[in-house]
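For reference, run_10.txt is printed below; it contains compact mmCIF, N, CA and C atoms.
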```
# COMPACT_ATOMS: atom_id res chain seq x y z
N MET A 1 45.64 113.55 67.97
CA MET A 1 46.20 112.68 68.99
C MET A 1 45.81 113.23 70.36
N ALA A 2 45.36 112.37 71.23
CA ALA A 2 44.92 112.78 72.56
C ALA A 2 46.13 113.17 73.42
N ILE A 3 45.87 113.99 74.41
CA ILE A 3 46.93 114.49 75.28
C ILE A 3 47.61 113.34 76.02
N ALA A 4 46.85 112.30 76.37
CA ALA A 4 47.44 111.14 77.05
C ALA A 4 48.40 110.41 76.13
N ASP A 5 48.07 110.35 74.85
CA ASP A 5 48.97 109.71 73.88
C ASP A 5 50.26 110.52 73.72
N VAL A 6 50.12 111.83 73.69
CA VAL A 6 51.30 112.69 73.58
C VAL A 6 52.19 112.51 74.81
N ARG A 7 51.56 112.46 75.99
CA ARG A 7 52.32 112.26 77.22
C ARG A 7 53.07 110.93 77.19
N HIS A 8 52.40 109.90 76.69
CA HIS A 8 53.03 108.58 76.59
C HIS A 8 54.24 108.63 75.66
N GLU A 9 54.11 109.33 74.54
CA GLU A 9 55.23 109.46 73.60
C GLU A 9 56.41 110.21 74.22
N VAL A 10 56.11 111.23 75.02
CA VAL A 10 57.17 111.98 75.69
C VAL A 10 57.90 111.09 76.70
N VAL A 11 57.14 110.28 77.43
CA VAL A 11 57.75 109.37 78.40
C VAL A 11 58.63 108.35 77.68
N LEU A 12 58.16 107.84 76.55
CA LEU A 12 58.97 106.90 75.77
C LEU A 12 60.24 107.56 75.25
N ALA A 13 60.13 108.80 74.79
CA ALA A 13 61.31 109.52 74.31
C ALA A 13 62.31 109.73 75.44
N LEU A 14 61.82 110.01 76.64
CA LEU A 14 62.72 110.15 77.80
C LEU A 14 63.44 108.84 78.09
N ALA A 15 62.74 107.72 77.97
CA ALA A 15 63.37 106.42 78.19
C ALA A 15 64.47 106.17 77.16
N HIS A 16 64.22 106.53 75.91
CA HIS A 16 65.24 106.36 74.86
C HIS A 16 66.45 107.27 75.13
N ILE A 17 66.17 108.47 75.59
CA ILE A 17 67.26 109.40 75.89
C ILE A 17 68.10 108.88 77.05
N HIS A 18 67.46 108.32 78.06
CA HIS A 18 68.22 107.79 79.19
C HIS A 18 69.12 106.64 78.76
N GLU A 19 68.62 105.79 77.86
CA GLU A 19 69.44 104.69 77.33
C GLU A 19 70.62 105.25 76.53
N ALA A 20 70.37 106.24 75.69
CA ALA A 20 71.44 106.85 74.90
C ALA A 20 72.46 107.55 75.81
N GLN A 21 71.99 108.16 76.89
CA GLN A 21 72.91 108.80 77.85
C GLN A 21 73.81 107.77 78.51
N ARG A 22 73.25 106.61 78.87
CA ARG A 22 74.08 105.56 79.47
C ARG A 22 75.17 105.11 78.51
N GLU A 23 74.79 104.94 77.24
CA GLU A 23 75.78 104.53 76.23
C GLU A 23 76.84 105.60 76.04
N ALA A 24 76.42 106.85 75.99
CA ALA A 24 77.38 107.95 75.80
C ALA A 24 78.31 108.07 77.01
N LYS A 25 77.79 107.92 78.21
CA LYS A 25 78.63 107.98 79.41
C LYS A 25 79.64 106.85 79.41
N SER A 26 79.22 105.69 78.96
CA SER A 26 80.14 104.56 78.87
C SER A 26 81.26 104.86 77.89
N LEU A 27 80.93 105.46 76.76
CA LEU A 27 81.96 105.83 75.78
C LEU A 27 82.88 106.91 76.32
N VAL A 28 82.34 107.86 77.05
CA VAL A 28 83.17 108.92 77.63
C VAL A 28 84.18 108.31 78.61
N GLU A 29 83.74 107.32 79.37
CA GLU A 29 84.62 106.73 80.38
C GLU A 29 85.60 105.72 79.80
N HIS A 30 85.19 104.96 78.77
CA HIS A 30 86.01 103.84 78.31
C HIS A 30 86.38 103.88 76.84
N GLY A 31 85.96 104.88 76.11
CA GLY A 31 86.21 104.91 74.67
C GLY A 31 87.57 105.48 74.31
N ALA A 32 87.88 105.40 73.04
CA ALA A 32 89.09 106.02 72.51
C ALA A 32 88.89 107.53 72.50
N ASP A 33 89.96 108.27 72.25
CA ASP A 33 89.89 109.72 72.33
C ASP A 33 88.84 110.32 71.40
N ASP A 34 88.81 109.86 70.14
CA ASP A 34 87.82 110.40 69.21
C ASP A 34 86.39 110.01 69.61
N GLU A 35 86.23 108.81 70.16
CA GLU A 35 84.92 108.40 70.65
C GLU A 35 84.48 109.22 71.86
N ARG A 36 85.43 109.55 72.70
CA ARG A 36 85.13 110.37 73.89
C ARG A 36 84.65 111.75 73.50
N VAL A 37 85.31 112.35 72.51
CA VAL A 37 84.92 113.68 72.07
C VAL A 37 83.51 113.64 71.48
N PHE A 38 83.27 112.66 70.62
CA PHE A 38 81.94 112.52 70.02
C PHE A 38 80.89 112.26 71.10
N ALA A 39 81.19 111.37 72.03
CA ALA A 39 80.24 111.01 73.09
C ALA A 39 79.97 112.19 74.01
N ALA A 40 80.97 113.01 74.27
CA ALA A 40 80.77 114.19 75.12
C ALA A 40 79.81 115.17 74.46
N GLY A 41 79.97 115.38 73.16
CA GLY A 41 79.04 116.24 72.42
C GLY A 41 77.64 115.67 72.40
N GLU A 42 77.55 114.37 72.19
CA GLU A 42 76.24 113.72 72.18
C GLU A 42 75.59 113.79 73.56
N LEU A 43 76.39 113.62 74.61
CA LEU A 43 75.87 113.70 75.97
C LEU A 43 75.32 115.09 76.27
N ASN A 44 76.02 116.10 75.82
CA ASN A 44 75.55 117.48 75.99
C ASN A 44 74.22 117.68 75.27
N PHE A 45 74.14 117.21 74.04
CA PHE A 45 72.91 117.32 73.27
C PHE A 45 71.77 116.57 73.96
N LEU A 46 72.05 115.36 74.43
CA LEU A 46 71.01 114.55 75.09
C LEU A 46 70.54 115.19 76.40
N ASP A 47 71.45 115.83 77.12
CA ASP A 47 71.06 116.52 78.35
C ASP A 47 70.09 117.66 78.05
N ARG A 48 70.37 118.40 76.98
CA ARG A 48 69.47 119.49 76.60
C ARG A 48 68.11 118.96 76.15
N GLN A 49 68.13 117.86 75.38
CA GLN A 49 66.88 117.25 74.94
C GLN A 49 66.07 116.74 76.13
N GLU A 50 66.77 116.14 77.10
CA GLU A 50 66.09 115.65 78.29
C GLU A 50 65.42 116.79 79.04
N GLY A 51 66.11 117.91 79.17
CA GLY A 51 65.53 119.07 79.83
C GLY A 51 64.28 119.57 79.12
N MET A 52 64.34 119.62 77.79
CA MET A 52 63.18 120.06 77.02
C MET A 52 62.01 119.10 77.19
N LEU A 53 62.29 117.80 77.20
CA LEU A 53 61.22 116.83 77.36
C LEU A 53 60.61 116.87 78.77
N HIS A 54 61.45 117.10 79.78
CA HIS A 54 60.92 117.24 81.14
C HIS A 54 60.02 118.47 81.23
N ASP A 55 60.43 119.56 80.58
CA ASP A 55 59.58 120.76 80.55
C ASP A 55 58.26 120.48 79.84
N ARG A 56 58.34 119.75 78.74
CA ARG A 56 57.13 119.40 77.98
C ARG A 56 56.21 118.51 78.81
N LEU A 57 56.81 117.56 79.54
CA LEU A 57 56.03 116.67 80.39
C LEU A 57 55.33 117.45 81.50
N ALA A 58 56.04 118.40 82.08
CA ALA A 58 55.43 119.25 83.12
C ALA A 58 54.29 120.07 82.54
N ASP A 59 54.47 120.57 81.32
CA ASP A 59 53.42 121.35 80.66
C ASP A 59 52.19 120.48 80.39
N ILE A 60 52.42 119.26 79.93
CA ILE A 60 51.31 118.34 79.66
C ILE A 60 50.56 118.02 80.96
N ASP A 61 51.31 117.73 82.02
CA ASP A 61 50.68 117.43 83.31
C ASP A 61 49.88 118.63 83.82
N TRP A 62 50.41 119.83 83.59
CA TRP A 62 49.70 121.04 84.01
C TRP A 62 48.40 121.18 83.23
N ARG A 63 48.46 120.91 81.93
CA ARG A 63 47.25 121.02 81.10
C ARG A 63 46.21 119.98 81.50
N ILE A 64 46.66 118.77 81.82
CA ILE A 64 45.73 117.73 82.26
C ILE A 64 45.06 118.16 83.57
N ALA A 65 45.86 118.67 84.50
CA ALA A 65 45.31 119.13 85.78
C ALA A 65 44.35 120.29 85.57
N GLU A 66 44.71 121.19 84.66
CA GLU A 66 43.84 122.33 84.37
C GLU A 66 42.52 121.86 83.78
N ASP A 67 42.55 120.90 82.86
CA ASP A 67 41.32 120.38 82.27
C ASP A 67 40.46 119.71 83.33
N ARG A 68 41.08 118.95 84.22
CA ARG A 68 40.31 118.29 85.27
C ARG A 68 39.67 119.33 86.18
N THR A 69 40.41 120.38 86.49
CA THR A 69 39.88 121.43 87.35
C THR A 69 38.70 122.11 86.67
N PHE A 70 38.84 122.43 85.40
CA PHE A 70 37.77 123.08 84.66
C PHE A 70 36.55 122.17 84.58
N LEU A 71 36.79 120.88 84.28
CA LEU A 71 35.66 119.96 84.18
C LEU A 71 34.96 119.78 85.52
N SER A 72 35.73 119.74 86.58
CA SER A 72 35.13 119.63 87.92
C SER A 72 34.29 120.85 88.22
N TRP A 73 34.80 122.01 87.87
CA TRP A 73 34.05 123.25 88.08
C TRP A 73 32.76 123.24 87.26
N ALA A 74 32.86 122.83 85.99
CA ALA A 74 31.69 122.82 85.12
C ALA A 74 30.63 121.85 85.66
N ARG A 75 31.06 120.67 86.12
CA ARG A 75 30.10 119.72 86.68
C ARG A 75 29.43 120.26 87.93
N GLN A 76 30.21 120.91 88.77
CA GLN A 76 29.67 121.47 90.00
C GLN A 76 28.67 122.59 89.68
N GLU A 77 29.02 123.44 88.74
CA GLU A 77 28.10 124.51 88.35
C GLU A 77 26.81 123.95 87.75
N TRP A 78 26.93 122.92 86.93
CA TRP A 78 25.75 122.30 86.34
C TRP A 78 24.86 121.70 87.43
N PHE A 79 25.47 121.01 88.39
CA PHE A 79 24.71 120.44 89.50
C PHE A 79 23.99 121.54 90.29
N ASN A 80 24.72 122.62 90.59
CA ASN A 80 24.10 123.72 91.35
C ASN A 80 22.95 124.34 90.57
N LEU A 81 23.13 124.52 89.28
CA LEU A 81 22.07 125.08 88.45
C LEU A 81 20.84 124.19 88.47
N MET A 82 21.03 122.90 88.29
CA MET A 82 19.89 121.96 88.29
C MET A 82 19.23 121.90 89.68
N PHE A 83 20.04 121.96 90.73
CA PHE A 83 19.50 121.92 92.09
C PHE A 83 18.64 123.15 92.35
N HIS A 84 19.14 124.32 91.98
CA HIS A 84 18.37 125.55 92.19
C HIS A 84 17.14 125.59 91.30
N LEU A 85 17.24 125.06 90.11
CA LEU A 85 16.09 125.01 89.22
C LEU A 85 15.01 124.10 89.81
N ASP A 86 15.43 122.95 90.33
CA ASP A 86 14.45 122.04 90.98
C ASP A 86 13.80 122.71 92.18
N ASN A 87 14.58 123.42 92.99
CA ASN A 87 14.03 124.12 94.14
C ASN A 87 13.05 125.21 93.70
N TRP A 88 13.39 125.91 92.65
CA TRP A 88 12.53 126.98 92.17
C TRP A 88 11.20 126.41 91.66
N ILE A 89 11.29 125.29 90.93
CA ILE A 89 10.06 124.65 90.43
C ILE A 89 9.22 124.13 91.58
N ALA A 90 9.86 123.51 92.56
CA ALA A 90 9.13 122.91 93.69
C ALA A 90 8.49 123.98 94.57
N HIS A 91 9.19 125.09 94.78
CA HIS A 91 8.68 126.10 95.71
C HIS A 91 8.14 127.35 94.99
N GLY A 92 8.25 127.37 93.69
CA GLY A 92 7.91 128.56 92.94
C GLY A 92 6.49 128.76 92.75
```
Is it possible to express this structure as structure tokens?
Amino acid sequence: MAIADVRHEVVLALAHIHEAQREAKSLVEHGADDERVFAAGELNFLDRQEGMLHDRLADIDWRIAEDRTFLSWARQEWFNLMFHLDNWIAHG
């Protein structure tokens, strides 16, 4: 699976977590006592999951930026090598 696909899946998971958090907050505010206790535990779990997914998203974005930086460097080095080779052939 490509890194862009993984990033897309993480973003979708974050959207699902945000929806579940809204539902859990609603239960905490308006539910019966047993529902409030369950929703509070679920909200805690969802907050931790959200934090992990945000960290994963930051890691993915960092890797994408790193790959772009490396590829830019490689292209620049290749261009410089070809340019110097052409100069050497022309003036050599």
Find the distance between atom CA of A:Gly41 and atom CA of A:Glu9 and write it in Å to one decimal.
->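 Atom CA of A:Glu9 lies at a distance of 24.8 Å from atom CA of A:Gly41.
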Here atom CA of A:Arg22 and atom N of A:Asp5 stand apart by 26.8 Å
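Take atom N of A:Ile3 and atom CA of A:Leu57: the distance between them is 12.1 Å.
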Go through stretch 8-42 of chain A residue by residue and, counting only C-alpha atoms, keep those with an atom at most 9 Å from stretch 48-55 of chain A; for each kept residue give the shortest atom pair and its distance in Å to one decimal, ordered by chain and increasing number, as CSV.
```
residue,atom,partner,partner_atom,distance
A:Val10,CA,A:Leu53,CA,6.5
A:Val11,CA,A:Leu53,CA,8.3
A:Ala13,CA,A:Leu53,CA,7.9
A:Leu14,CA,A:Glu50,CA,6.5
A:Ile17,CA,A:Glu50,CA,6.8
A:His18,CA,A:Glu50,CA,8.2
```
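With only C-alpha atoms as the atoms that count, the minimum distance from A:His8 to the choices A:Glu23, A:Glu35, A:Asp47, A:Arg56 is reached by A:Arg56.
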Pick from A:Thr69, A:Asn80, A:Gln21, A:Asn87, whichever lies nearest to A:Leu43 using only N, CA and C atoms |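 With only N, CA and C atoms as the atom set, the closest residue is A:Gln21.
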